[in-house]
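Enquirer: Quick one, model-v1.txt (compact mmCIF, C-alpha atoms):
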# COMPACT_ATOMS: atom_id res chain seq x y z
CA MET H 188 -230.18 -91.83 -27.70
CA GLN H 189 -233.24 -89.62 -27.29
CA LYS H 190 -234.33 -87.72 -30.40
CA ILE H 191 -234.38 -83.91 -30.20
CA ASN H 192 -236.94 -82.06 -32.32
CA ILE H 193 -235.88 -78.76 -33.88
CA GLY H 194 -237.58 -75.85 -35.61
CA VAL H 195 -235.75 -73.55 -38.04
CA ALA H 196 -236.91 -69.98 -38.75
CA GLY H 197 -235.64 -68.42 -41.98
CA LEU H 198 -234.87 -70.37 -45.15
CA GLY H 199 -232.63 -68.04 -47.17
CA PHE H 200 -228.94 -68.90 -47.52
CA ILE H 201 -228.02 -69.90 -43.97
CA GLY H 202 -231.21 -71.68 -42.81
CA PRO H 203 -230.76 -74.64 -45.20
CA ALA H 204 -227.06 -74.73 -44.21
CA HIS H 205 -228.15 -75.23 -40.58
CA ILE H 206 -230.59 -77.94 -41.65
CA GLU H 207 -227.96 -79.83 -43.66
CA ALA H 208 -225.56 -79.79 -40.71
CA LEU H 209 -228.25 -80.85 -38.22
CA ARG H 210 -229.18 -83.83 -40.41
CA ARG H 211 -225.64 -85.16 -40.09
CA ILE H 212 -226.08 -85.67 -36.34
CA PRO H 213 -228.01 -88.90 -35.61
CA ASN H 214 -230.33 -87.89 -32.77
CA LEU H 215 -231.50 -84.58 -34.26
CA GLU H 216 -234.54 -84.00 -36.46
CA VAL H 217 -235.76 -80.76 -38.04
CA VAL H 218 -239.52 -81.24 -37.81
CA ALA H 219 -240.80 -77.79 -38.84
CA VAL H 220 -239.70 -74.55 -40.48
CA SER H 221 -241.02 -71.03 -40.94
CA ASP H 222 -240.51 -68.19 -43.39
CA PHE H 223 -242.22 -64.91 -44.35
CA THR H 224 -245.34 -66.39 -45.94
CA ASP H 225 -247.13 -69.73 -45.97
CA GLU H 226 -246.41 -70.12 -49.68
CA ILE H 227 -242.66 -69.45 -49.39
CA ALA H 228 -242.33 -71.61 -46.30
CA GLN H 229 -244.19 -74.55 -47.87
CA SER H 230 -242.26 -74.33 -51.13
CA LYS H 231 -238.90 -74.38 -49.36
CA ALA H 232 -240.00 -77.05 -46.88
CA THR H 233 -241.01 -79.29 -49.77
CA ALA H 234 -237.64 -78.78 -51.43
CA LEU H 235 -235.91 -79.64 -48.15
CA GLY H 236 -238.11 -82.64 -47.41
CA ILE H 237 -239.64 -81.20 -44.24
CA ASP H 238 -243.30 -81.95 -43.50
CA HIS H 239 -244.41 -78.91 -41.49
CA ALA H 240 -244.10 -75.30 -42.65
CA TYR H 241 -245.46 -72.04 -41.26
CA GLY H 242 -245.74 -68.53 -42.61
CA ASN H 243 -245.02 -66.94 -39.23
CA PHE H 244 -242.73 -67.56 -36.29
CA ASP H 245 -245.46 -67.74 -33.63
CA ALA H 246 -247.00 -70.74 -35.37
CA LEU H 247 -243.61 -72.47 -35.49
CA LEU H 248 -243.18 -71.96 -31.74
CA LYS H 249 -246.49 -73.69 -31.12
CA HIS H 250 -245.52 -76.81 -33.09
CA GLU H 251 -245.77 -79.66 -30.61
CA GLY H 252 -242.58 -81.25 -29.36
CA ILE H 253 -240.01 -78.72 -30.58
CA GLN H 254 -237.21 -78.39 -28.03
CA CYS H 255 -234.83 -76.03 -29.82
CA ILE H 256 -235.24 -73.16 -32.27
CA HIS H 257 -232.65 -72.03 -34.85
CA ILE H 258 -233.06 -68.37 -35.84
CA CYS H 259 -231.74 -67.79 -39.37
CA THR H 260 -233.71 -64.68 -40.33
CA PRO H 261 -232.58 -61.10 -41.12
CA ASN H 262 -230.86 -59.33 -38.22
CA HIS H 263 -233.72 -57.08 -37.11
CA LEU H 264 -235.87 -60.12 -36.28
CA HIS H 265 -233.34 -61.93 -34.05
CA TYR H 266 -234.11 -60.21 -30.75
CA ASP H 267 -237.88 -60.61 -30.85
CA MET H 268 -237.69 -64.22 -32.04
CA ALA H 269 -235.03 -65.23 -29.50
CA LYS H 270 -237.01 -63.61 -26.70
CA LYS H 271 -240.23 -65.39 -27.70
CA ALA H 272 -238.44 -68.72 -28.01
CA LEU H 273 -236.81 -68.42 -24.58
CA GLU H 274 -240.09 -67.37 -22.99
CA ALA H 275 -241.69 -70.45 -24.58
CA GLY H 276 -239.04 -72.62 -22.89
CA LYS H 277 -237.08 -73.42 -26.07
CA HIS H 278 -233.31 -73.69 -26.33
CA VAL H 279 -232.03 -71.23 -28.95
CA VAL H 280 -229.33 -71.17 -31.61
CA CYS H 281 -229.25 -67.70 -33.18
CA GLU H 282 -227.41 -66.38 -36.19
CA LYS H 283 -225.21 -63.39 -35.52
CA PRO H 284 -225.74 -60.66 -34.60
CA LEU H 285 -227.70 -61.73 -31.54
CA ALA H 286 -229.65 -58.46 -31.70
CA THR H 287 -229.34 -54.99 -33.23
CA THR H 288 -228.58 -53.18 -29.95
CA VAL H 289 -226.46 -53.90 -26.89
CA ALA H 290 -229.48 -53.36 -24.62
CA GLN H 291 -231.45 -56.04 -26.47
CA ALA H 292 -228.54 -58.48 -26.26
CA GLU H 293 -228.10 -57.82 -22.54
CA GLU H 294 -231.77 -58.62 -22.02
CA LEU H 295 -231.46 -61.91 -23.93
CA VAL H 296 -228.36 -62.95 -21.97
CA GLU H 297 -230.21 -62.39 -18.69
CA LEU H 298 -233.40 -64.08 -19.90
CA ALA H 299 -231.53 -67.19 -21.08
CA LYS H 300 -229.71 -67.36 -17.75
CA LYS H 301 -232.96 -66.96 -15.82
CA LYS H 302 -234.65 -69.69 -17.85
CA GLY H 303 -231.65 -72.03 -17.59
CA LEU H 304 -231.79 -72.75 -21.32
CA VAL H 305 -229.01 -73.62 -23.74
CA ASN H 306 -228.18 -70.55 -25.84
CA ALA H 307 -225.72 -70.23 -28.69
CA VAL H 308 -224.71 -67.76 -31.38
CA HIS H 309 -223.62 -69.28 -34.69
CA PHE H 310 -219.95 -68.34 -34.60
CA ASN H 311 -219.31 -71.65 -36.33
CA LEU H 312 -215.89 -70.70 -37.70
CA ARG H 313 -214.41 -71.52 -34.30
CA PHE H 314 -214.96 -75.15 -35.25
CA TYR H 315 -212.48 -75.38 -38.09
CA PRO H 316 -210.09 -77.97 -36.61
CA LEU H 317 -207.00 -75.88 -37.27
CA VAL H 318 -208.61 -72.86 -35.63
CA LYS H 319 -208.97 -75.03 -32.54
CA GLN H 320 -205.36 -76.16 -33.06
CA MET H 321 -204.16 -72.54 -33.03
CA ARG H 322 -206.02 -71.92 -29.78
CA ALA H 323 -204.52 -75.08 -28.27
CA MET H 324 -201.02 -74.07 -29.36
CA ARG H 325 -201.48 -70.68 -27.71
CA GLU H 326 -202.84 -72.27 -24.52
CA SER H 327 -199.90 -74.69 -24.34
CA GLY H 328 -197.37 -71.85 -24.66
CA GLU H 329 -196.10 -72.85 -28.11
CA LEU H 330 -196.79 -69.37 -29.47
CA GLY H 331 -195.35 -67.48 -26.51
CA GLU H 332 -196.40 -63.89 -25.91
CA ILE H 333 -198.50 -62.57 -28.77
CA PHE H 334 -196.74 -59.58 -30.37
CA SER H 335 -199.28 -58.82 -33.09
CA VAL H 336 -202.38 -60.05 -34.90
CA ILE H 337 -203.22 -59.40 -38.55
CA GLY H 338 -206.62 -60.47 -39.87
CA THR H 339 -208.54 -60.01 -43.11
CA TYR H 340 -211.97 -61.14 -44.28
CA LEU H 341 -212.56 -60.45 -47.96
CA GLN H 342 -215.59 -61.09 -50.19
CA ASP H 343 -216.79 -59.87 -53.59
CA TRP H 344 -220.52 -60.58 -53.48
CA LEU H 345 -221.30 -56.83 -53.28
CA TYR H 346 -218.66 -55.85 -55.84
CA TYR H 347 -221.06 -54.32 -58.36
CA ALA H 348 -223.52 -51.49 -57.77
CA THR H 349 -226.18 -53.90 -59.07
CA ASP H 350 -225.47 -56.33 -56.20
CA TYR H 351 -228.17 -55.94 -53.57
CA ASN H 352 -229.35 -57.64 -50.38
CA TRP H 353 -231.35 -56.78 -47.25
CA ARG H 354 -228.03 -56.45 -45.39
CA LEU H 355 -227.58 -53.11 -47.19
CA GLU H 356 -230.59 -51.64 -45.36
CA PRO H 357 -229.78 -50.35 -41.83
CA GLU H 358 -233.36 -50.81 -40.63
CA MET H 359 -232.92 -54.54 -41.23
CA SER H 360 -229.21 -55.11 -40.56
CA GLY H 361 -228.14 -52.27 -38.24
CA ASP H 362 -225.75 -49.32 -38.53
CA SER H 363 -222.79 -51.45 -39.63
CA ARG H 364 -222.61 -53.94 -42.48
CA ALA H 365 -219.16 -55.32 -43.37
CA ILE H 366 -217.92 -55.16 -39.77
CA ALA H 367 -221.17 -56.51 -38.28
CA ASP H 368 -221.62 -59.18 -40.93
CA ILE H 369 -218.15 -60.66 -41.53
CA GLY H 370 -215.99 -58.57 -39.20
CA SER H 371 -217.85 -60.05 -36.22
CA HIS H 372 -216.63 -63.53 -37.21
CA LEU H 373 -213.08 -62.23 -37.59
CA LEU H 374 -213.02 -60.44 -34.23
CA ASP H 375 -214.56 -63.43 -32.48
CA LEU H 376 -211.86 -65.69 -33.94
CA ILE H 377 -209.09 -63.33 -32.86
CA GLU H 378 -210.21 -63.20 -29.23
CA TYR H 379 -211.06 -66.94 -29.21
CA ILE H 380 -207.66 -68.02 -30.55
CA SER H 381 -205.46 -65.46 -28.80
CA GLY H 382 -207.16 -65.42 -25.41
CA LEU H 383 -206.61 -61.65 -25.52
CA GLU H 384 -209.24 -58.99 -25.03
CA ILE H 385 -209.57 -56.05 -27.40
CA THR H 386 -209.53 -52.92 -25.24
CA GLU H 387 -209.47 -50.07 -27.81
CA VAL H 388 -210.29 -49.66 -31.49
CA MET H 389 -209.54 -47.12 -34.23
CA ALA H 390 -211.67 -47.58 -37.34
CA ASP H 391 -211.88 -46.14 -40.84
CA PHE H 392 -214.81 -47.08 -43.10
CA SER H 393 -215.38 -46.67 -46.83
CA THR H 394 -218.64 -46.88 -48.74
CA VAL H 395 -217.45 -47.64 -52.27
CA HIS H 396 -220.91 -47.69 -53.86
CA LYS H 397 -222.73 -44.71 -52.37
CA THR H 398 -225.72 -45.56 -54.58
CA ARG H 399 -226.84 -49.08 -55.44
CA LYS H 400 -229.46 -50.63 -57.70
CA LYS H 401 -232.23 -52.11 -55.54
CA PRO H 402 -234.17 -54.89 -57.29
CA LEU H 403 -237.89 -54.39 -57.74
CA LYS H 404 -238.30 -58.19 -57.48
CA PRO H 405 -236.79 -60.75 -55.06
CA VAL H 406 -233.19 -61.83 -55.66
CA GLU H 407 -231.65 -64.63 -53.58
CA THR H 408 -228.41 -63.98 -51.69
CA TYR H 409 -225.39 -65.32 -53.63
CA SER H 410 -227.62 -65.99 -56.65
CA GLY H 411 -225.29 -64.09 -58.98
CA LYS H 412 -228.21 -62.69 -60.98
CA MET H 413 -227.69 -59.48 -62.96
CA LEU H 414 -230.54 -57.04 -63.43
CA LYS H 415 -231.87 -55.07 -66.38
CA PRO H 416 -232.42 -51.29 -65.94
CA GLU H 417 -236.16 -51.73 -65.62
CA ASP H 418 -235.67 -54.20 -62.76
CA TYR H 419 -234.20 -51.81 -60.16
CA GLN H 420 -234.30 -48.39 -58.53
CA ASP H 421 -231.37 -46.29 -57.29
CA VAL H 422 -231.05 -46.13 -53.48
CA PRO H 423 -228.44 -44.37 -51.29
CA ILE H 424 -226.11 -46.58 -49.20
CA ASN H 425 -224.96 -45.50 -45.76
CA THR H 426 -223.14 -48.60 -44.49
CA GLU H 427 -219.55 -49.62 -45.16
CA ASP H 428 -218.33 -51.80 -48.03
CA TYR H 429 -214.80 -51.77 -46.56
CA ALA H 430 -213.27 -51.16 -43.15
CA THR H 431 -209.86 -51.22 -41.51
CA VAL H 432 -209.63 -51.31 -37.71
CA LEU H 433 -206.54 -50.90 -35.54
CA LEU H 434 -206.72 -52.93 -32.33
CA ARG H 435 -205.14 -52.60 -28.89
CA PHE H 436 -205.10 -55.67 -26.66
CA ASN H 437 -205.02 -56.11 -22.91
CA ASN H 438 -201.43 -57.42 -23.08
CA GLY H 439 -200.31 -54.02 -24.40
CA ASN H 440 -199.69 -55.22 -27.96
CA LYS H 441 -201.47 -54.38 -31.21
CA GLY H 442 -203.31 -55.75 -34.20
CA VAL H 443 -205.18 -54.77 -37.33
CA VAL H 444 -208.13 -56.17 -39.26
CA THR H 445 -209.45 -55.35 -42.72
CA VAL H 446 -212.81 -56.45 -44.07
CA SER H 447 -214.21 -55.90 -47.53
CA GLN H 448 -217.26 -57.04 -49.48
CA VAL H 449 -215.98 -55.47 -52.70
CA ALA H 450 -212.71 -57.40 -53.25
CA ALA H 451 -212.93 -58.96 -56.72
CA GLY H 452 -212.19 -62.67 -56.79
CA ARG H 453 -212.29 -63.10 -53.02
CA LYS H 454 -215.43 -65.16 -52.51
CA ASN H 455 -215.18 -65.74 -48.76
CA ARG H 456 -211.55 -65.48 -47.65
CA ILE H 457 -210.45 -65.23 -44.02
CA ASN H 458 -206.74 -64.92 -43.28
CA LEU H 459 -205.31 -64.82 -39.76
CA GLU H 460 -201.68 -64.39 -38.70
CA PHE H 461 -200.50 -64.41 -35.09
CA SER H 462 -196.91 -63.42 -34.34
CA GLY H 463 -195.61 -64.64 -30.99
CA SER H 464 -192.35 -64.58 -29.05
CA GLU H 465 -191.74 -68.29 -29.74
CA GLN H 466 -193.09 -68.63 -33.28
CA ALA H 467 -195.82 -67.42 -35.62
CA MET H 468 -198.85 -69.13 -37.15
CA GLN H 469 -201.03 -68.35 -40.15
CA TRP H 470 -204.28 -69.88 -41.40
CA CYS H 471 -206.57 -69.17 -44.35
CA SER H 472 -210.16 -70.34 -44.82
CA GLU H 473 -209.52 -71.03 -48.52
CA SER H 474 -207.07 -73.77 -47.49
CA PRO H 475 -208.62 -74.66 -44.12
CA ASN H 476 -206.82 -77.96 -43.69
CA GLU H 477 -203.34 -76.41 -43.62
CA LEU H 478 -201.66 -74.37 -40.87
CA TRP H 479 -198.40 -72.49 -41.51
CA ILE H 480 -196.03 -72.28 -38.53
CA GLY H 481 -193.30 -69.65 -38.80
CA LYS H 482 -189.82 -70.04 -37.27
CA ARG H 483 -186.90 -67.61 -36.95
CA ASP H 484 -183.92 -69.98 -36.67
CA THR H 485 -185.18 -73.23 -38.20
CA ALA H 486 -187.28 -74.25 -41.19
CA ASN H 487 -190.89 -73.19 -41.23
CA GLN H 488 -193.54 -75.91 -40.89
CA SER H 489 -196.82 -76.78 -42.56
CA LEU H 490 -199.26 -78.79 -40.45
CA LEU H 491 -202.02 -80.62 -42.34
CA ARG H 492 -205.27 -81.39 -40.56
CA ASP H 493 -204.91 -84.88 -39.09
CA PRO H 494 -206.51 -86.10 -35.86
CA ALA H 495 -203.32 -88.02 -35.07
CA LEU H 496 -201.12 -84.90 -35.27
CA VAL H 497 -203.12 -82.12 -33.60
CA HIS H 498 -203.95 -81.32 -29.99
CA PRO H 499 -206.78 -83.40 -28.48
CA SER H 500 -209.12 -80.41 -28.36
CA ALA H 501 -208.67 -79.92 -32.11
CA ALA H 502 -209.02 -83.63 -32.83
CA GLN H 503 -212.51 -83.55 -31.27
CA ALA H 504 -213.62 -81.34 -34.17
CA ILE H 505 -212.37 -83.81 -36.81
CA SER H 506 -214.61 -86.56 -38.18
CA PHE H 507 -212.34 -88.08 -40.84
CA PRO H 508 -208.73 -89.33 -41.01
CA GLY H 509 -205.84 -87.22 -42.25
CA GLY H 510 -205.99 -86.52 -45.98
CA HIS H 511 -209.80 -86.51 -46.00
CA ASN H 512 -210.49 -82.81 -46.12
CA GLU H 513 -213.20 -81.06 -44.12
CA GLY H 514 -214.52 -77.55 -44.68
CA PHE H 515 -217.20 -74.93 -44.04
CA PRO H 516 -220.26 -77.25 -43.73
CA ASP H 517 -218.38 -79.31 -41.13
CA THR H 518 -217.93 -76.31 -38.83
CA SER H 519 -221.67 -76.07 -38.19
CA LYS H 520 -221.96 -79.82 -37.69
CA GLN H 521 -219.15 -79.78 -35.11
CA MET H 522 -220.66 -76.78 -33.32
CA PHE H 523 -224.12 -78.32 -33.22
CA LYS H 524 -222.69 -81.54 -31.79
CA GLU H 525 -221.51 -79.52 -28.78
CA VAL H 526 -224.71 -77.50 -28.51
CA TYR H 527 -226.94 -80.56 -28.56
CA ALA H 528 -224.73 -82.45 -26.14
CA ALA H 529 -225.57 -79.59 -23.76
CA VAL H 530 -229.27 -79.83 -24.65
CA SER H 531 -229.24 -83.58 -23.97
CA ALA H 532 -227.46 -83.03 -20.66
CA GLY H 533 -229.83 -80.20 -19.75
CA LYS H 534 -226.82 -78.03 -18.93
CA HIS H 535 -225.65 -74.88 -20.72
CA GLU H 536 -221.89 -74.94 -21.45
CA GLU H 537 -220.23 -71.50 -21.53
CA ASP H 538 -216.86 -72.75 -22.79
CA LYS H 539 -217.94 -75.28 -25.45
CA TYR H 540 -219.41 -72.94 -28.09
CA ALA H 541 -220.19 -69.26 -28.64
CA THR H 542 -223.03 -68.24 -26.33
CA PHE H 543 -225.38 -65.26 -26.09
CA ALA H 544 -222.69 -63.67 -23.90
CA HIS H 545 -220.26 -63.87 -26.84
CA GLY H 546 -222.95 -62.38 -29.08
CA LEU H 547 -223.23 -59.48 -26.62
CA ARG H 548 -219.44 -59.06 -26.68
CA GLU H 549 -219.43 -58.76 -30.48
CA LEU H 550 -222.20 -56.13 -30.40
CA ARG H 551 -220.17 -54.06 -27.94
CA LEU H 552 -217.12 -54.37 -30.19
CA CYS H 553 -219.16 -53.39 -33.24
CA ASP H 554 -220.65 -50.36 -31.48
CA ALA H 555 -217.18 -49.19 -30.46
CA ILE H 556 -215.89 -49.62 -34.02
CA VAL H 557 -218.81 -47.68 -35.53
CA ALA H 558 -218.30 -44.92 -32.94
CA SER H 559 -214.59 -44.80 -33.75
CA ASP H 560 -215.22 -44.35 -37.46
CA LYS H 561 -217.67 -41.50 -36.77
CA LYS H 562 -215.27 -39.78 -34.37
CA GLN H 563 -212.13 -40.70 -36.34
CA ALA H 564 -210.53 -41.42 -32.95
CA TRP H 565 -209.62 -44.27 -30.62
CA VAL H 566 -212.57 -45.64 -28.64
CA LYS H 567 -212.20 -47.70 -25.48
CA LEU H 568 -214.38 -50.68 -24.73
Show the structure stored in the file as structure tokens.
Expert:
Amino acid sequence: MQKINIGVAGLGFIGPAHIEALRRIPNLEVVAVSDFTDEIAQSKATALGIDHAYGNFDALLKHEGIQCIHICTPNHLHYDMAKKALEAGKHVVCEKPLATTVAQAEELVELAKKKGLVNAVHFNLRFYPLVKQMRAMRESGELGEIFSVIGTYLQDWLYYATDYNWRLEPEMSGDSRAIADIGSHLLDLIEYISGLEITEVMADFSTVHKTRKKPLKPVETYSGKMLKPEDYQDVPINTEDYATVLLRFNNGNKGVVTVSQVAAGRKNRINLEFSGSEQAMQWCSESPNELWIGKRDTANQSLLRDPALVHPSAAQAISFPGGHNEGFPDTSKQMFKEVYAAVSAGKHEEDKYATFAHGLRELRLCDAIVASDKKQAWVKL
């Protein structure tokens, strides 16, 4: 099996998560990384056991032998880095959002197609085995016609006014925060599982903390550090802490999603419920190895993740026998297995993982949702 050399840009929270997942796949090797300065990059590379570190992305691209680049930097850097990587002939795995504007994403989709390179957006949550099971159940007709979809994604990492991160700054993250950051995962899962297309949205946003305490020194994401008064300055916040969005689907039926980054005690909780004409199904990321199946006339069921009991397409995303639980880190590993199978084959696979085209779709959805909140009206896609 030929080894594939990889470079990773951005070593905050998600970059090391990519690296850990990549190391669990035998023929992959992360050979170099980059971050904002030589000192930061070298320090983190040493901690991760990686030999080569660069203080800028251009230097990483020039590292000999790299075939694929993972972009794990703040949102505003994604477009420029992805474009440079594609132009340099590198396959690309990019964190979401793919870009900060639809026009940028459209350009990247076309460039990747022109170059014939593998391109993926890290919508890794598709690779929970029971998420794939729900999709397979829908495809096989077990769910019937979908009557409604209810989804929530709740976190508390921005619960206090003293909680701060670059995602709070529109010039770095874009005009939306909660919807663009976690809502994009939720909306991607809904369309992926249901096979439906969202055609109209009605959104209502809330900025709970209209002023936050910005640290005057670096604070790592999810570090849980509290600041003293002399450590911060007050800054106005213009992006949403909370959002509810009504959805209309192309089958004529409806749904609703709620996202919040100020829900105390909810660390990273996704809940999805699909009601169909044959039965219902519900799944929660806090208990990812269990799927509830709702019945009208017989007893409800609880399906535990087991490769012997799920559809074949779901079993492909399972590495261990029933009773041996798998979770969030495994979703990236399973996704990267598919991405790098495509790299090895030299053939981009549109239906195996989320692509740049899916990243473009989520940007269009996000733009429509932001527009709906501003207009306080339904917006068509």
Enquirer: Nearest residue to Tyr540 (chain H) out of H:Leu478, H:Val432, H:Val526, H:Ile366, using only C-alpha atoms?
Expert: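 That would be H:Val526, the residue with the smallest distance to Tyr540 (chain H).
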Enquirer: CA of Leu247 (chain H) and CA of Ile201 (chain H) are how many Å apart?
Expert: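 Calculated distance between CA of Leu247 (chain H) and CA of Ile201 (chain H) is 17.9 Å.
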Enquirer: When you count all atoms listed in the file, which of these residues is closest to Gly481 (chain H): H:Glu329, H:Thr394, H:Asp362, H:Ile380?
Expert: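 For Gly481 (chain H), the nearest of the given residues is H:Glu329.
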Enquirer: Between CA of Ser230 (chain H) and CA of Ile206 (chain H), what is the spacing in Å?
Expert: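 Between these atoms lies a distance of 15.5 Å.
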Enquirer: Using only C-alpha atoms, pick whichever of H:His535, H:Ala269, H:Ile480, H:Gln503 has the shortest atom-to-atom distance to Val195 (chain H).
Expert: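 Ranking H:His535, H:Ala269, H:Ile480, H:Gln503 by distance to Val195 (chain H), first place goes to H:Ala269.
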Enquirer: For Tyr429 (chain H), please output as an MDAnalysis selection string all residues within 8 Å (counting all atoms listed in the file; exclusion window: fewer than 5 positions along the same chain).
Expert: chainID H and resid 365 392:395 445:449
Enquirer: Given the point (-231.0, -63.8, -41.2) in the coordinates of this file, which residues lie within 7 Å, counting only C-alpha atoms, and how would they look as a PyMOL selection string?
Expert: chain H and resi 197+259-262+282
Enquirer: Around (-204.8, -78.8, -43.6), as given in the file, which residues come within 6 Å? Count only C-alpha atoms and list them as a ChimeraX atom specification.
Expert: /H:475-477,491-492
Enquirer: Write out N, CA, C and O atoms for region 519-530 of chain H, as a PDB file, keeping the file's coordinate frame.
Expert:
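As written to disk, selection31.pdb reads:
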ATOM      1  N   SER H 519    -220.359 -76.111 -38.840  1.00  0.00           N
ATOM      2  CA  SER H 519    -221.670 -76.070 -38.190  1.00  0.00           C
ATOM      3  C   SER H 519    -222.002 -77.408 -37.560  1.00  0.00           C
ATOM      4  O   SER H 519    -222.541 -77.465 -36.445  1.00  0.00           O
ATOM      5  N   LYS H 520    -221.701 -78.496 -38.254  1.00  0.00           N
ATOM      6  CA  LYS H 520    -221.960 -79.820 -37.690  1.00  0.00           C
ATOM      7  C   LYS H 520    -221.214 -79.981 -36.361  1.00  0.00           C
ATOM      8  O   LYS H 520    -221.804 -80.443 -35.368  1.00  0.00           O
ATOM      9  N   GLN H 521    -219.943 -79.617 -36.334  1.00  0.00           N
ATOM     10  CA  GLN H 521    -219.150 -79.780 -35.110  1.00  0.00           C
ATOM     11  C   GLN H 521    -219.674 -78.887 -33.991  1.00  0.00           C
ATOM     12  O   GLN H 521    -219.716 -79.290 -32.819  1.00  0.00           O
ATOM     13  N   MET H 522    -220.083 -77.667 -34.334  1.00  0.00           N
ATOM     14  CA  MET H 522    -220.660 -76.780 -33.320  1.00  0.00           C
ATOM     15  C   MET H 522    -221.952 -77.353 -32.767  1.00  0.00           C
ATOM     16  O   MET H 522    -222.176 -77.386 -31.553  1.00  0.00           O
ATOM     17  N   PHE H 523    -222.828 -77.821 -33.662  1.00  0.00           N
ATOM     18  CA  PHE H 523    -224.120 -78.320 -33.220  1.00  0.00           C
ATOM     19  C   PHE H 523    -223.982 -79.595 -32.384  1.00  0.00           C
ATOM     20  O   PHE H 523    -224.806 -79.852 -31.502  1.00  0.00           O
ATOM     21  N   LYS H 524    -222.954 -80.379 -32.639  1.00  0.00           N
ATOM     22  CA  LYS H 524    -222.690 -81.540 -31.790  1.00  0.00           C
ATOM     23  C   LYS H 524    -222.502 -81.109 -30.337  1.00  0.00           C
ATOM     24  O   LYS H 524    -223.033 -81.729 -29.408  1.00  0.00           O
ATOM     25  N   GLU H 525    -221.758 -80.023 -30.135  1.00  0.00           N
ATOM     26  CA  GLU H 525    -221.510 -79.520 -28.780  1.00  0.00           C
ATOM     27  C   GLU H 525    -222.772 -78.901 -28.187  1.00  0.00           C
ATOM     28  O   GLU H 525    -223.089 -79.105 -27.009  1.00  0.00           O
ATOM     29  N   VAL H 526    -223.489 -78.138 -28.998  1.00  0.00           N
ATOM     30  CA  VAL H 526    -224.710 -77.500 -28.510  1.00  0.00           C
ATOM     31  C   VAL H 526    -225.718 -78.543 -28.066  1.00  0.00           C
ATOM     32  O   VAL H 526    -226.313 -78.447 -26.978  1.00  0.00           O
ATOM     33  N   TYR H 527    -225.905 -79.578 -28.882  1.00  0.00           N
ATOM     34  CA  TYR H 527    -226.940 -80.560 -28.560  1.00  0.00           C
ATOM     35  C   TYR H 527    -226.492 -81.576 -27.515  1.00  0.00           C
ATOM     36  O   TYR H 527    -227.338 -82.231 -26.887  1.00  0.00           O
ATOM     37  N   ALA H 528    -225.202 -81.687 -27.306  1.00  0.00           N
ATOM     38  CA  ALA H 528    -224.730 -82.450 -26.140  1.00  0.00           C
ATOM     39  C   ALA H 528    -225.176 -81.730 -24.871  1.00  0.00           C
ATOM     40  O   ALA H 528    -225.592 -82.363 -23.896  1.00  0.00           O
ATOM     41  N   ALA H 529    -225.111 -80.392 -24.910  1.00  0.00           N
ATOM     42  CA  ALA H 529    -225.570 -79.590 -23.760  1.00  0.00           C
ATOM     43  C   ALA H 529    -227.084 -79.694 -23.606  1.00  0.00           C
ATOM     44  O   ALA H 529    -227.596 -79.798 -22.483  1.00  0.00           O
ATOM     45  N   VAL H 530    -227.819 -79.677 -24.706  1.00  0.00           N
ATOM     46  CA  VAL H 530    -229.270 -79.830 -24.650  1.00  0.00           C
ATOM     47  C   VAL H 530    -229.634 -81.183 -24.036  1.00  0.00           C
ATOM     48  O   VAL H 530    -230.505 -81.284 -23.166  1.00  0.00           O
TER      49      VAL H 530
END
